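Enquirer: The structure that follows is given in the form of C-alpha cells.
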Amino acid sequence: MVCMAFASALLLGKVRPENCPPLVEEEKYAEAFQTLQEAFGDKGEREATGLSIDRDKCDGCGICAAVCEISLEKSQELANGKGPRRIESPVIVIVDGVITIKNPDACRRVVPDAPTCNACVDLCPSKALTFL
Amino acid sequence: MPEESIIKEEDRFHEAEGLPFDSAVCPGCGCLCEDIDLTLGGEEVQQVFNVCSWGLSKFHRGHRFLREPKSAKLVFPSLKRESRRAIPVSFDEAYDKAVSLIRKARRVVFFGLCQMAYEAQEVVASLIQRLDALAFPSEGMLLTPFFKAMKTYPYVSATLEEVRQLASTVLFWGANPLHSCPRLVTRYAVFVAGVNAPDRHISRKVFYADPHENDTGSFAMRIDISSETEVERLEALVEVIEQESFAIPKELDALVRAMEASPFVTIFVGRGVAYHPESQRLMDGLFKLSEVIRRRRPCVLLPIVSDFNAMGFYYACKEKGLFEDEVSLIQGDLRDYQPREGDLLFCIGSDPFWFFSEEQRSTIAKYELPVASISSLQNQTTHASSLVIPVALSGVEAEGLAFRLDGVPVWLRKVLPTAQPTDHEVLKAIEGRLGEKIRG
C-alpha cells in the first residue's frame with residue numbers, strides 16, 4: 001500500500017498508525033508517529049463516522065444521542081425521551097455507560113450530500129467527542 | 001497490509017449473547033430511569049443499554065462513580081469481638097446483637113437511609129419515632145431545608161413528564177444535573193421535545209446559577225453567583241418579578257425576560273444551596289421565587305437528588321409526622337453531628353465515615369462508640385463497624401417501592417438472584433425482636 005492509500009485508509013478508520021511498519025520502525029518518523037497516534041490511536045477509538053470517542057471522559061448522559069437528528073428519526077423511543085429499544089437502529093446508543101456507534105452508515109457525516117452535522121460533538125458537556 | 005489490522009464495520013457494535021431483561025429500573029439516582037435494557041449471563045449482568053455511568057456500577061454491584069465497576073458486595077454478617085477481627089455470625093446472632101446495641105445505647109443516631117426501599121424506610125421512620133433517635137439522611141443537606149421550607153411556603157410540584165411537555169424555561173440553582181442525575185437533561189428537562197418546546201433545547205431557555213462555570217454551560221446560560229452575593233441576587237430576582245419592575249439588574253435580565261415570556265417555568269434546586277452558610281434562607285428564597293412566578297404562570301420547584309430513594313425517606317418521615325415538631329429529629333448536614341458518649345451509630349445503605357471530619361472520627365474513637373451497618377456493599381463504614389449485616393441490593397437483587405425526585409412512585413424490579421435478605425426483612429426482624437420494651 002502506498003503512502004497516499006494508507007493515509008486515505010487511516011482517515012476512513014480502516015487502519016491504525018501502527019499498521020504502517022516504517023512509521024513504527026524508523027526513527028525519523030517518530031514525531032509523526034506520535035502525532036498520528038494522538039489523533040488516530042488507541043485512547044479515542046475512531047469510528048467510521050470520523051468520530052473519536054474518549055471513553056474515559058464519557059458519562060453516558062446521552063446528550064449526543066438526543067441531539068442526533070438521524071437517531072431521533074430512527075428511534076421513536078428516543079424522540080419520546082427514553083433510550084432506544086434493542087430493535088431500533090439509531091446512529092448512537094449508550095452501552096455500559098458510554099457512547100457507542102450502532103449504525104455508522106446512517107450518520108450524516110458519511111451519507112453523501114447530507115448537510116454537515118456536528119451536533120453530538122458541539123453539545124457534549126464532557127468533551128468526550130471530537131471529529132477528526 | 002495484514003487483513004486482521006482492518007477494523008471491520010460489523011465489529012463496532014456487539015450485542016452480548018445472553019438472556020435479555022428489558023425495562024429494568026435504574027437505582028443509580030433520583031431519576032429512576034425505567035428504560036434500562038440488560039443482557040444477563042448466569043448470575044451477572046453482561047451488558048446494560050441506556051444506562052449512564054452512575055447507574056452502570058449499581059448493576060455490577062459496585063460503588064457509584066467507578067468507570068470500571070467491580071463488585072463490592074458484602075457476603076456474610078459479621079461481628080467484631082475483643083480481637084477487633086471480624087468474625088462471621090448467623091443472621092439470627094446479628095439481629096440479636098443489633099437489638100442489644102440499641103437497648104444499651106443512650107442515643108441512637110441513624111445515617112444514610114436514602115438508598116433503600118420505601119417499605120424499609122417506613123420501618124426506620126417508626127424506629128426513629130419510638131427510640132427518639134436522631135437521623136442524618138445522606139440527602140439531608142438538601143432535603144431537610146427543602147421539606148422545612150414546605151411548612152412555610154405553598155408548594156406546587158409536577159411530574160417530570162409534565163416538565164418535559166410544558167417547561168420552556170428551566171433554571172438549575174446550585175445544581176449540576178450532569179453530576180447528580182446525568183440523564184435528567186436528556187430525558188426530561190432540556191434535550192427532549194414537549195408541547196411548549198417543540199425544538200427541544202433550541203426552544204427552551206436554560207439557565208444555571210452557580211459560583212463557577214461548569215459543564216452545564218455547554219447548553220445553559222450562567223447566572224453568576226457567589227456565597228457573598230447569592231442571597232442578595234435571589235432576593236433581587238424575587239423583587240423584580242414580584243413588582244414587575246423595569247429596573248432589572250443586568251446579570252438577571254436574560255433570565256427575567258425568559259421567565260416573563262415563558263408559559264411554564266421549572267426550577268431545579270441542588271446541593272449547592274445546601275453548602276451555603278444560610279442554606280435555609282436560600283431555600284426559602286427559592287420557594288418564594290416559585291411562588292411569585294406562579295402568580296402569573298405555572299412554576300414548579302424540584303430537588304435534584306442523587307440517592308435513588310431520598311424522597312421516599314422524607315415521605316415516610318412526613319407520614320409519621322416527624323416534621324411537625326419545632327426541634328426535628330431529622331437533621332441536615334452530617335458535619336453538624338456531635339458524637340456523645342453512649343451514642344450508637346446505625347448506618348443503613350451509606351458510608352458516613354467517608355464524610356466525617358477528623359474531629360468527629362477522633363471523638364467516636366475516644367468514646368469507643370459502637371457502629372452497626374446494614375449495607376449491600378463494603379465501604380469505610382462497614383470496616384469501622386462492630387456489627388455488619390449484608391442485604392440484597394435494592395433495585396438489582398431486590399424489588400420494592402421507590403419515589404422519583406418528583407415524588408412519583410416507581411416499582412424497582414429484581415434483576416439478579418441473591419440469597420441475602422432485603423433491608424426491609426432485616427429491619428422488620430430487628431424491630432420484631434426489639435418488641436415493646438426498648439430499654440434494658
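Note on naming: chains are A, B, ... as they come in the C-alpha cells, residues start from 1 per chain, ligands start from 1 in the order shown.
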Please identify every residue of chain B that has at least one atom no more than 9 Å from any atom of chain A, counting only C-alpha atoms, and report them as a ChimeraX atom specification.
Expert: /B:1-2,5-9,12-14,22,33-37,47-57,67,164,178-179,181-188,191-194,200-201,214-219
Enquirer: Using only C-alpha atoms, determine which residues lie at most 8 Å from Cys68 (chain A), disregarding the query and same-chain residues fewer than 4 positions distant; provide the list as number ranges by chain.
Expert: A: 64, 72, 91-92, 119-120
Enquirer: Take the residues from that selection and write them out as a compact mmCIF listing (two decimals), in the first residue's frame, keeping C-alpha atoms.
Expert:
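Heads up, here's the output in part37.txt:
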# COMPACT_ATOMS: atom_id res chain seq x y z
CA CYS A 64 -25.13 13.07 21.85
CA LEU A 72 -34.32 10.62 16.55
CA VAL A 91 -26.67 6.11 14.95
CA ILE A 92 -25.73 6.48 18.62
CA ALA A 119 -24.44 18.37 16.94
CA CYS A 120 -23.14 15.47 19.04
Enquirer: So which one's closest to Arg109 (chain A), A:Met4, A:Ile70, A:Ala30, A:Leu23? Using only C-alpha atoms, please.
Expert: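 Checking each candidate against Arg109 (chain A), we get A:Ile70 as the closest.
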Enquirer: Find the spatial neighbours of region 97-99 of chain B, counting only C-alpha atoms, within a cut-off of 10 Å - ignore same-chain residues fewer than 4 positions away - and output them as a PyMOL selection string.
Expert: chain B and resi 79+91-93+103-104+346+371-373+386-389+427+429-435+438-439
Enquirer: Selected residues, N, CA and C atoms, written as a PDB file, in the first residue's frame, please.
Expert:
ATOM      1  N   LEU B  79     -19.293  -9.836  63.118  1.00  0.00           N
ATOM      2  CA  LEU B  79     -19.275  -9.198  64.423  1.00  0.00           C
ATOM      3  C   LEU B  79     -17.817  -9.041  64.837  1.00  0.00           C
ATOM      4  N   PHE B  91     -27.358 -14.763  60.695  1.00  0.00           N
ATOM      5  CA  PHE B  91     -28.240 -13.595  60.680  1.00  0.00           C
ATOM      6  C   PHE B  91     -28.957 -13.455  62.024  1.00  0.00           C
ATOM      7  N   ASP B  92     -29.344 -14.579  62.621  1.00  0.00           N
ATOM      8  CA  ASP B  92     -30.037 -14.522  63.915  1.00  0.00           C
ATOM      9  C   ASP B  92     -29.167 -13.855  64.983  1.00  0.00           C
ATOM     10  N   GLU B  93     -27.897 -14.286  65.029  1.00  0.00           N
ATOM     11  CA  GLU B  93     -26.972 -13.673  66.000  1.00  0.00           C
ATOM     12  C   GLU B  93     -26.813 -12.180  65.731  1.00  0.00           C
ATOM     13  N   ARG B 103     -30.555  -1.376  72.712  1.00  0.00           N
ATOM     14  CA  ARG B 103     -31.017  -1.306  74.114  1.00  0.00           C
ATOM     15  C   ARG B 103     -29.990  -0.652  75.031  1.00  0.00           C
ATOM     16  N   LYS B 104     -28.706  -0.894  74.731  1.00  0.00           N
ATOM     17  CA  LYS B 104     -27.649  -0.338  75.588  1.00  0.00           C
ATOM     18  C   LYS B 104     -27.413   1.142  75.306  1.00  0.00           C
ATOM     19  N   PHE B 346     -25.913   3.988  63.772  1.00  0.00           N
ATOM     20  CA  PHE B 346     -26.592   2.942  63.000  1.00  0.00           C
ATOM     21  C   PHE B 346     -26.644   3.403  61.537  1.00  0.00           C
ATOM     22  N   VAL B 371     -20.582   0.971  66.221  1.00  0.00           N
ATOM     23  CA  VAL B 371     -21.122   1.294  64.890  1.00  0.00           C
ATOM     24  C   VAL B 371     -21.741   0.029  64.319  1.00  0.00           C
ATOM     25  N   ALA B 372     -23.003   0.139  63.883  1.00  0.00           N
ATOM     26  CA  ALA B 372     -23.667  -1.000  63.233  1.00  0.00           C
ATOM     27  C   ALA B 372     -24.004  -0.602  61.801  1.00  0.00           C
ATOM     28  N   SER B 373     -23.788  -1.517  60.865  1.00  0.00           N
ATOM     29  CA  SER B 373     -24.055  -1.211  59.454  1.00  0.00           C
ATOM     30  C   SER B 373     -24.992  -2.234  58.843  1.00  0.00           C
ATOM     31  N   SER B 386     -18.726  -2.521  64.262  1.00  0.00           N
ATOM     32  CA  SER B 386     -18.586  -3.708  65.099  1.00  0.00           C
ATOM     33  C   SER B 386     -19.625  -4.755  64.705  1.00  0.00           C
ATOM     34  N   LEU B 387     -20.664  -4.323  64.010  1.00  0.00           N
ATOM     35  CA  LEU B 387     -21.680  -5.259  63.515  1.00  0.00           C
ATOM     36  C   LEU B 387     -22.020  -4.902  62.076  1.00  0.00           C
ATOM     37  N   VAL B 388     -21.945  -5.889  61.181  1.00  0.00           N
ATOM     38  CA  VAL B 388     -22.276  -5.661  59.773  1.00  0.00           C
ATOM     39  C   VAL B 388     -23.326  -6.678  59.340  1.00  0.00           C
ATOM     40  N   ILE B 389     -24.427  -6.174  58.790  1.00  0.00           N
ATOM     41  CA  ILE B 389     -25.465  -7.085  58.272  1.00  0.00           C
ATOM     42  C   ILE B 389     -25.620  -6.818  56.769  1.00  0.00           C
ATOM     43  N   LEU B 427     -34.732  -5.136  58.850  1.00  0.00           N
ATOM     44  CA  LEU B 427     -35.236  -4.140  59.806  1.00  0.00           C
ATOM     45  C   LEU B 427     -36.482  -4.646  60.526  1.00  0.00           C
ATOM     46  N   ALA B 429     -37.073  -7.763  61.225  1.00  0.00           N
ATOM     47  CA  ALA B 429     -36.588  -8.750  62.203  1.00  0.00           C
ATOM     48  C   ALA B 429     -36.059  -8.053  63.453  1.00  0.00           C
ATOM     49  N   ILE B 430     -35.316  -6.967  63.250  1.00  0.00           N
ATOM     50  CA  ILE B 430     -34.767  -6.222  64.408  1.00  0.00           C
ATOM     51  C   ILE B 430     -35.911  -5.571  65.190  1.00  0.00           C
ATOM     52  N   GLU B 431     -36.830  -4.966  64.466  1.00  0.00           N
ATOM     53  CA  GLU B 431     -37.978  -4.305  65.122  1.00  0.00           C
ATOM     54  C   GLU B 431     -38.799  -5.318  65.915  1.00  0.00           C
ATOM     55  N   GLY B 432     -38.978  -6.501  65.320  1.00  0.00           N
ATOM     56  CA  GLY B 432     -39.750  -7.556  65.974  1.00  0.00           C
ATOM     57  C   GLY B 432     -39.087  -8.015  67.265  1.00  0.00           C
ATOM     58  N   ARG B 433     -37.760  -8.196  67.236  1.00  0.00           N
ATOM     59  CA  ARG B 433     -37.037  -8.653  68.426  1.00  0.00           C
ATOM     60  C   ARG B 433     -36.951  -7.562  69.491  1.00  0.00           C
ATOM     61  N   LEU B 434     -36.986  -6.331  69.033  1.00  0.00           N
ATOM     62  CA  LEU B 434     -36.950  -5.208  69.969  1.00  0.00           C
ATOM     63  C   LEU B 434     -38.228  -5.189  70.809  1.00  0.00           C
ATOM     64  N   GLY B 435     -39.314  -5.625  70.195  1.00  0.00           N
ATOM     65  CA  GLY B 435     -40.599  -5.722  70.893  1.00  0.00           C
ATOM     66  C   GLY B 435     -41.062  -4.396  71.443  1.00  0.00           C
ATOM     67  N   ILE B 438     -38.109  -1.273  74.971  1.00  0.00           N
ATOM     68  CA  ILE B 438     -36.914  -0.829  74.269  1.00  0.00           C
ATOM     69  C   ILE B 438     -35.685  -0.887  75.152  1.00  0.00           C
ATOM     70  N   ARG B 439     -35.777  -0.340  76.334  1.00  0.00           N
ATOM     71  CA  ARG B 439     -34.581  -0.227  77.182  1.00  0.00           C
ATOM     72  C   ARG B 439     -34.404  -1.448  78.080  1.00  0.00           C
TER      73      ARG B 439
END
Enquirer: DSSP on the backbone: which residues in region 314-439 of chain B end up as strand (DSSP E)? Give the answer as a list in words.
Expert: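 So the strand (DSSP E) residues in region 314-439 of chain B would be Asp343, Leu344, Leu345, Phe346, Cys347, Ile348, Val371, Ala372, Ser373, Ile374, Ser375, Leu387, Val388, Ile389, Pro390, Gly400, Leu401, Ala402, Phe403, Pro409, Val410, Trp411 and Leu412 of chain B.
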Enquirer: Tell me, in Å to one decimal, how far CA of Ser8 (chain A) is from CA of Ala106 (chain A).
Expert: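 Between CA of Ser8 (chain A) and CA of Ala106 (chain A) the gap works out to 20.7 Å.
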Enquirer: Between CA of Val415 (chain B) and CA of Met116 (chain B), what is the distance, to one decimal in Å?
Expert: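 One can read the CA of Val415 (chain B) to CA of Met116 (chain B) distance as 15.8 Å.
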Enquirer: Expressed in Å to a single decimal, how great is the separation between CA of Phe353 (chain B) and CA of Thr381 (chain B)?
Expert: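 Answer for the CA of Phe353 (chain B) to CA of Thr381 (chain B) separation: 5.2 Å.
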Enquirer: Could you tell me, as an NGL selection string, which residues of region 16-92 of chain B DSSP assigns to helix (DSSP H, G or I) when given the backbone?
Expert: :B and (53-59 or 91-92)
Enquirer: Those residues with N, CA and C atoms, as a PDB file, in the first residue's frame please?
Expert:
ATOM      1  N   SER B  53     -23.135   6.230  33.499  1.00  0.00           N
ATOM      2  CA  SER B  53     -22.066   5.553  34.251  1.00  0.00           C
ATOM      3  C   SER B  53     -22.397   5.444  35.743  1.00  0.00           C
ATOM      4  N   TRP B  54     -23.313   6.332  36.243  1.00  0.00           N
ATOM      5  CA  TRP B  54     -23.718   6.255  37.655  1.00  0.00           C
ATOM      6  C   TRP B  54     -24.458   4.937  37.909  1.00  0.00           C
ATOM      7  N   GLY B  55     -25.448   4.697  37.032  1.00  0.00           N
ATOM      8  CA  GLY B  55     -26.293   3.520  37.220  1.00  0.00           C
ATOM      9  C   GLY B  55     -25.575   2.226  36.893  1.00  0.00           C
ATOM     10  N   LEU B  56     -24.640   2.304  35.937  1.00  0.00           N
ATOM     11  CA  LEU B  56     -23.944   1.091  35.491  1.00  0.00           C
ATOM     12  C   LEU B  56     -23.318   0.342  36.668  1.00  0.00           C
ATOM     13  N   SER B  57     -22.661   1.109  37.553  1.00  0.00           N
ATOM     14  CA  SER B  57     -21.947   0.463  38.662  1.00  0.00           C
ATOM     15  C   SER B  57     -22.914  -0.304  39.565  1.00  0.00           C
ATOM     16  N   LYS B  58     -24.144   0.218  39.723  1.00  0.00           N
ATOM     17  CA  LYS B  58     -25.118  -0.481  40.566  1.00  0.00           C
ATOM     18  C   LYS B  58     -25.436  -1.863  39.981  1.00  0.00           C
ATOM     19  N   PHE B  59     -25.587  -1.922  38.653  1.00  0.00           N
ATOM     20  CA  PHE B  59     -25.921  -3.208  38.038  1.00  0.00           C
ATOM     21  C   PHE B  59     -24.760  -4.205  38.111  1.00  0.00           C
ATOM     22  N   PHE B  91     -27.358 -14.763  60.695  1.00  0.00           N
ATOM     23  CA  PHE B  91     -28.240 -13.595  60.680  1.00  0.00           C
ATOM     24  C   PHE B  91     -28.957 -13.455  62.024  1.00  0.00           C
ATOM     25  N   ASP B  92     -29.344 -14.579  62.621  1.00  0.00           N
ATOM     26  CA  ASP B  92     -30.037 -14.522  63.915  1.00  0.00           C
ATOM     27  C   ASP B  92     -29.167 -13.855  64.983  1.00  0.00           C
TER      28      ASP B  92
END
